[in-house]
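Below: one structure, written as structure tokens.
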Amino acid sequence: MSQSAVVSRRAGKNYLNVETSVKSWLLTRDHKRIGLMFLVLNVGALFVGGVFALLLRFEHLSPGPTIMDAITYNRLFTLHGVVMVWLFMIPAIPSAFGNFLVPLMIGAEDVAFPRLNLASVYLYVAGALIALWGMFHGGADTGWTFYTPYSSMTPTKVVPILIGVFIIGFSTIVTGINFIVTIHTLRAKGLTWMRMPLFVWAIYGTSIIQVLATPVLGLVLLLIALEHSLGLGIFDAARGGDPVLFQHLFWFYSHPAVYIMVLPAMGVVSEVIACFARKNPFGYKAIAYSSLGIAFVGFFTWGHHMFVSGQSTFDAGAFAVLSMLVGVFTAIKVFNWVATLYKGSIQFRTPFAYICGFLYFIVFGGMTGVAVATVSLDVHWHDTYFVVAHFHFIMVGATLMAFLAALHYWFPKMFGKMYNEGWGLVSAVLIILGFNATFIPQFWLGNFGMPRRYYNYPERFQWLHVASTAGSTLLFFGFMIILIYLFIALRFGRRAEWNPWGSRGFEWRTATPPPTHNFDQAPVFTHGPHEYHEPHEVDLA
Amino acid sequence: MNEFLRRLLFLPEQASSVAPGIDHLHYFVIITTMLMSAVVGWTALGFFIRFRRRSEIETTPRIEPGWKFETLAVGLPLIFFLAWFWMGFHAYIRLATPPPNSMEVYVMAKQWMWKFSYPGGPNAISTLHVPARRPVKLLMTSRDVIHSFFVPSFRIKQDVLPGRYTQTWFEAVEPGRYQILCAEFCGTDHSNMRGEVVAMRPEDFDAWLNEQRRGLTNRQDMAASAQEPVPPLTDMVEQGRRLAVAFACVKCHTIDGSPHIGPTWLDLYHRQERLANGDTVEVDEGYITESMMDPRAKVVAGFNPVMPTFQGRLDGPDTAAIVEYIKSLRSERINPTPSGGPAYEPIRGR
């Protein structure tokens, strides 16, 4: 990068105020506006899914009916899963922050296919609306996993939700293709692969998974919809189908989908940790290649969801060993992040607080991950609250922490406003504590033998459920505080400096907030990102 | 120590022969992972304090890892993870392999109850009586959706599938009562699909079983005017024999070892059969059931795939009864050679 990349640090017109009509937003092809729209939609989905979660937790305050009946409970946990997985976790970081940042980070004007990018928003909205319609007209009670043959014979209306998710899948595929082409073809002069920011590497790995795995989800959802409505015998044994085939196909997508959620989170962490430690990421190549390693191995571990499903003993062993490899790749990343702190200059701000939370959740959640990959132990844990707690730690905890870190780190870049640092730290502490208080009791519940998706449970489990519900309330308050102070910051916040964190990330090279076409002149890159040991060239400008 | 850790981790009592071994691996894995996590966590915390930003113009050196660091970062976790895998997989194989002298019980799951059938009678709903200190093998199938047989105190869990048999086994170490839970979501009343294993002293169990069978026989003897056209039988083998006649199985499968359209049933159980595609398969409950439900999946070499499917025509208990009947057909001399071809060419070209 060179000084030519620098534009006037506070452009008179930026992408937010260049046009303000509703039409200009609905028909925009600007990747930043599209990213912003996704951000708003994702936060909405997080809120809806969170309210569902809270209702579920309150139901568990006592065994048997507390605030709802069994079928409502079954529908709610299905909707909680569907909303959180497909409407929040999968698009959260790639579609919102990926869209906003990738072109900025590689010195491009926009993504390769801006119209397709806009289409992905509308696909997402269409899918979400169809799924919502289905929720209010019967809902589904199959769990987000739609296991057959139950999903082929459930009395609830599962088809609209399947079709909704099917359409959202296309939104994911389109985003993935767009990023792959953008990263291959639109990198600015001098930006070699080994100079790409680690966030871009992570998004690249994610996009590959999105493009390869999501079609399988589409296929399997369509097959259930056909079986449910036309009575074809594909997965239903009573009609000559094979229910376990469904599980193979479903997890062939849904296991890599975990990495669609967590890889971008890892990318965020690599960026933010370097900035707040003011130091180059230790082991850049190791972090970049392990993203690709996870993306690759992630395709060969789906069978670890099926250790008690009746698959052969040999298969179970093979999938267990392969699953351990994911643990190794993750461990490489964790060691490199921690080592990045060594001899750094660490500034403890809200985004960094979430990074600490992320490291905590990925380490403890990851360790419970290799524990559940240990086959004989998983027999007891499978389909219990231990698994629920495990994936909420590693998948939700880590992704949510990174999402919040990204939101606080790039909030000034996106809106040109600063939020209140004190409230930021308070809510970070509340959320991390609340998350622990919610899910640590669930690890114990799982050990104790509490199966998941239980409306009514034996009384010996009650006090742990109460503890978990208390934690979830704390979590909810934490989120409400964020929503309030970010809203206040948007309206009344002080203007953000051009680069408030002193970051060397490429996205800060342009004005804050950026102009519509990102750069006044095409930038030229002369060295890698996060080169904190060299003097800041832009400062010299 | 075992008791302390078990309580600390909220694990249920160790009521089966495999539970202590599984729990010991559990302790080992949890203790090592928590220690490793703590080391990483404290290191990070140490760095936060030691390397906190002291002035706004502070600069940092560029540090790149050497190959030693990277090798360690890969090697150390890999060694631990592979060790756990190895230990866990060994235990898993043990969990998946019932001892040869196991007592057998058929399990039929449906929304939302468990039904247990003993070869030779009786049947029971929700309560599974077993002898303690004797291995029990469960042969399980479902009548509707997928269920999962879970006994937390035994550390066992196995999905129960429609249209095929899966198996699990346990050996209760002490007489007692242990809860059965369904672990795979199966509909509205999933959480109430519970049952109980009642482990009895072996001599008490034998007495109980005899009593049950005597009672059933008496009831049947007196049930001359029973409502049902065919009174339910206590003896699965006898019931299987009748069903095999009623469903015309024996028109193609002989029971005396002579060759016919299908492989003979005599000594079929545990025979090593050579398949048309060149594989070999050991005939067990799973294979027999599969051949009834999906006859073309694994055709024995030398036979034509002419058998119709019985999917939807035989329900769980009937299937189990036929399997038991086939298992009962043993000659004095065990002859484990593959079946010969059919006695005549079946009619082709219809």
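For the structure tokens, the naming scheme is as follows: chains receive sequential letters (A, B, ...) according to their order of presentation, residues are indexed from 1 within each chain, and ligands are indexed from 1 in presentation order.
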
Next on the checklist: What are the residues of chain B lining chain A at 7 Å or less? Count only C-alpha atoms, and put the answer as a VMD selection string.
Outcome noted: chain B and resid 9 to 12 22 26 29 33 37 44 47 to 48 51 to 53 58 to 65 73 to 74 77 to 78 81 84 to 85 88 to 89 91 to 93 145 152 155 to 159 162 to 163 166 183 to 186 188 190 to 192 311 to 312

Could you write out the selected residues, including C-alpha atoms, as a PDB file, in the first residue's frame?
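part_15.pdb, freshly written:
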```pdb
ATOM      1  CA  LEU B   9     -19.175 -33.877  37.273  1.00  0.00           C
ATOM      2  CA  PHE B  10     -22.778 -34.761  38.120  1.00  0.00           C
ATOM      3  CA  LEU B  11     -22.484 -38.186  36.529  1.00  0.00           C
ATOM      4  CA  PRO B  12     -25.178 -40.712  37.474  1.00  0.00           C
ATOM      5  CA  ILE B  22     -15.990 -44.979  30.482  1.00  0.00           C
ATOM      6  CA  HIS B  26     -14.069 -39.117  31.043  1.00  0.00           C
ATOM      7  CA  VAL B  29     -10.096 -36.253  29.201  1.00  0.00           C
ATOM      8  CA  THR B  33      -8.460 -30.539  28.715  1.00  0.00           C
ATOM      9  CA  SER B  37      -7.173 -24.736  28.691  1.00  0.00           C
ATOM     10  CA  ALA B  44      -2.920 -15.085  27.785  1.00  0.00           C
ATOM     11  CA  PHE B  47       0.523 -11.426  28.523  1.00  0.00           C
ATOM     12  CA  PHE B  48      -2.360  -8.974  29.045  1.00  0.00           C
ATOM     13  CA  PHE B  51       2.496  -6.380  27.822  1.00  0.00           C
ATOM     14  CA  ARG B  52      -0.240  -3.839  28.485  1.00  0.00           C
ATOM     15  CA  ARG B  53       0.072  -0.587  26.566  1.00  0.00           C
ATOM     16  CA  GLU B  58       4.851   2.327  21.883  1.00  0.00           C
ATOM     17  CA  THR B  59       6.176   0.168  19.049  1.00  0.00           C
ATOM     18  CA  THR B  60       6.445  -3.597  18.941  1.00  0.00           C
ATOM     19  CA  PRO B  61       8.990  -5.947  17.369  1.00  0.00           C
ATOM     20  CA  ARG B  62       8.019  -8.197  14.485  1.00  0.00           C
ATOM     21  CA  ILE B  63       8.100 -11.806  15.678  1.00  0.00           C
ATOM     22  CA  GLU B  64       7.581 -14.801  13.430  1.00  0.00           C
ATOM     23  CA  PRO B  65       7.337 -18.355  14.725  1.00  0.00           C
ATOM     24  CA  ALA B  73       1.644 -26.437  18.294  1.00  0.00           C
ATOM     25  CA  VAL B  74       0.675 -29.276  15.968  1.00  0.00           C
ATOM     26  CA  PRO B  77      -2.430 -31.516  20.766  1.00  0.00           C
ATOM     27  CA  LEU B  78      -2.220 -34.239  18.132  1.00  0.00           C
ATOM     28  CA  PHE B  81      -6.124 -36.167  20.764  1.00  0.00           C
ATOM     29  CA  TRP B  84      -8.031 -40.150  23.554  1.00  0.00           C
ATOM     30  CA  PHE B  85      -9.285 -41.408  20.246  1.00  0.00           C
ATOM     31  CA  GLY B  88     -12.292 -44.099  23.313  1.00  0.00           C
ATOM     32  CA  PHE B  89     -12.456 -46.252  20.219  1.00  0.00           C
ATOM     33  CA  ALA B  91     -14.173 -48.770  24.649  1.00  0.00           C
ATOM     34  CA  TYR B  92     -16.611 -48.060  21.818  1.00  0.00           C
ATOM     35  CA  ILE B  93     -15.842 -51.391  20.171  1.00  0.00           C
ATOM     36  CA  VAL B 145     -39.981 -42.754  13.801  1.00  0.00           C
ATOM     37  CA  PRO B 152     -27.773 -42.815  31.802  1.00  0.00           C
ATOM     38  CA  ARG B 155     -23.690 -45.066  29.887  1.00  0.00           C
ATOM     39  CA  ILE B 156     -25.369 -46.639  26.858  1.00  0.00           C
ATOM     40  CA  LYS B 157     -27.397 -45.098  24.095  1.00  0.00           C
ATOM     41  CA  GLN B 158     -28.463 -46.501  20.751  1.00  0.00           C
ATOM     42  CA  ASP B 159     -30.802 -45.120  18.122  1.00  0.00           C
ATOM     43  CA  PRO B 162     -37.837 -48.172  11.752  1.00  0.00           C
ATOM     44  CA  GLY B 163     -37.288 -50.924   9.195  1.00  0.00           C
ATOM     45  CA  THR B 166     -29.964 -52.137  15.893  1.00  0.00           C
ATOM     46  CA  ALA B 183     -32.917 -39.440  23.509  1.00  0.00           C
ATOM     47  CA  GLU B 184     -33.952 -38.830  19.894  1.00  0.00           C
ATOM     48  CA  PHE B 185     -36.711 -36.285  19.388  1.00  0.00           C
ATOM     49  CA  CYS B 186     -39.790 -38.272  18.350  1.00  0.00           C
ATOM     50  CA  THR B 188     -45.062 -34.227  21.076  1.00  0.00           C
ATOM     51  CA  HIS B 190     -40.934 -37.316  23.403  1.00  0.00           C
ATOM     52  CA  SER B 191     -40.042 -36.237  26.922  1.00  0.00           C
ATOM     53  CA  ASN B 192     -42.529 -38.654  28.466  1.00  0.00           C
ATOM     54  CA  GLN B 311     -41.929 -53.936   4.414  1.00  0.00           C
ATOM     55  CA  GLY B 312     -45.283 -52.834   5.813  1.00  0.00           C
TER      56      GLY B 312
END
```

Item to check | Surrounding residues of range 117-130 of chain B excluding itself and chain neighbours under 5 positions, 7 Å, only C-alpha atoms, as number ranges by chain | outcome: B: 105-107, 195-200, 205, 212-213, 234-236

Next, the residues of the selection above should be written as a tab-separated table (two decimals), in the first residue's frame with C-alpha atoms.
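See result.tsv below for the written result:
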```tsv
chain	number	residue	atom	x	y	z
B	105	VAL	CA	-34.56	-59.24	24.60
B	106	TYR	CA	-36.43	-57.68	21.69
B	107	VAL	CA	-37.27	-54.01	22.01
B	195	GLY	CA	-39.20	-46.59	31.02
B	196	GLU	CA	-37.30	-48.48	33.64
B	197	VAL	CA	-34.76	-51.26	33.77
B	198	VAL	CA	-35.39	-53.44	36.82
B	199	ALA	CA	-32.26	-55.45	37.49
B	200	MET	CA	-33.00	-58.43	39.74
B	205	PHE	CA	-35.17	-63.16	37.71
B	212	GLN	CA	-44.70	-64.96	34.04
B	213	ARG	CA	-44.59	-67.80	31.53
B	234	THR	CA	-46.00	-66.62	24.62
B	235	ASP	CA	-43.43	-68.48	22.60
B	236	MET	CA	-41.81	-66.36	19.92
```

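What separates CA of Met395 in chain A from CA of Met261 in chain A is a distance of 7.0 Å.
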
Checklist entry - Which residue, A:His228, A:Lys32, A:Arg495, A:His80, has the smallest gap to Arg57 in chain A when you use only C-alpha atoms? => result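 That would be A:His80, the residue with the smallest distance to Arg57 in chain A.
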
Next on the checklist: Using Å and a single decimal, report how far CA of Leu27 in chain A sits from CA of Val125 in chain A.
Outcome noted: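 Rounded to one decimal, the two atoms are 14.2 Å apart.
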
Checklist entry - For the atom pair CA of Glu227 in chain A and CA of Gly139 in chain A, what is the interatomic distance in Å to one decimal place? => result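 These two atoms are separated by 17.7 Å.
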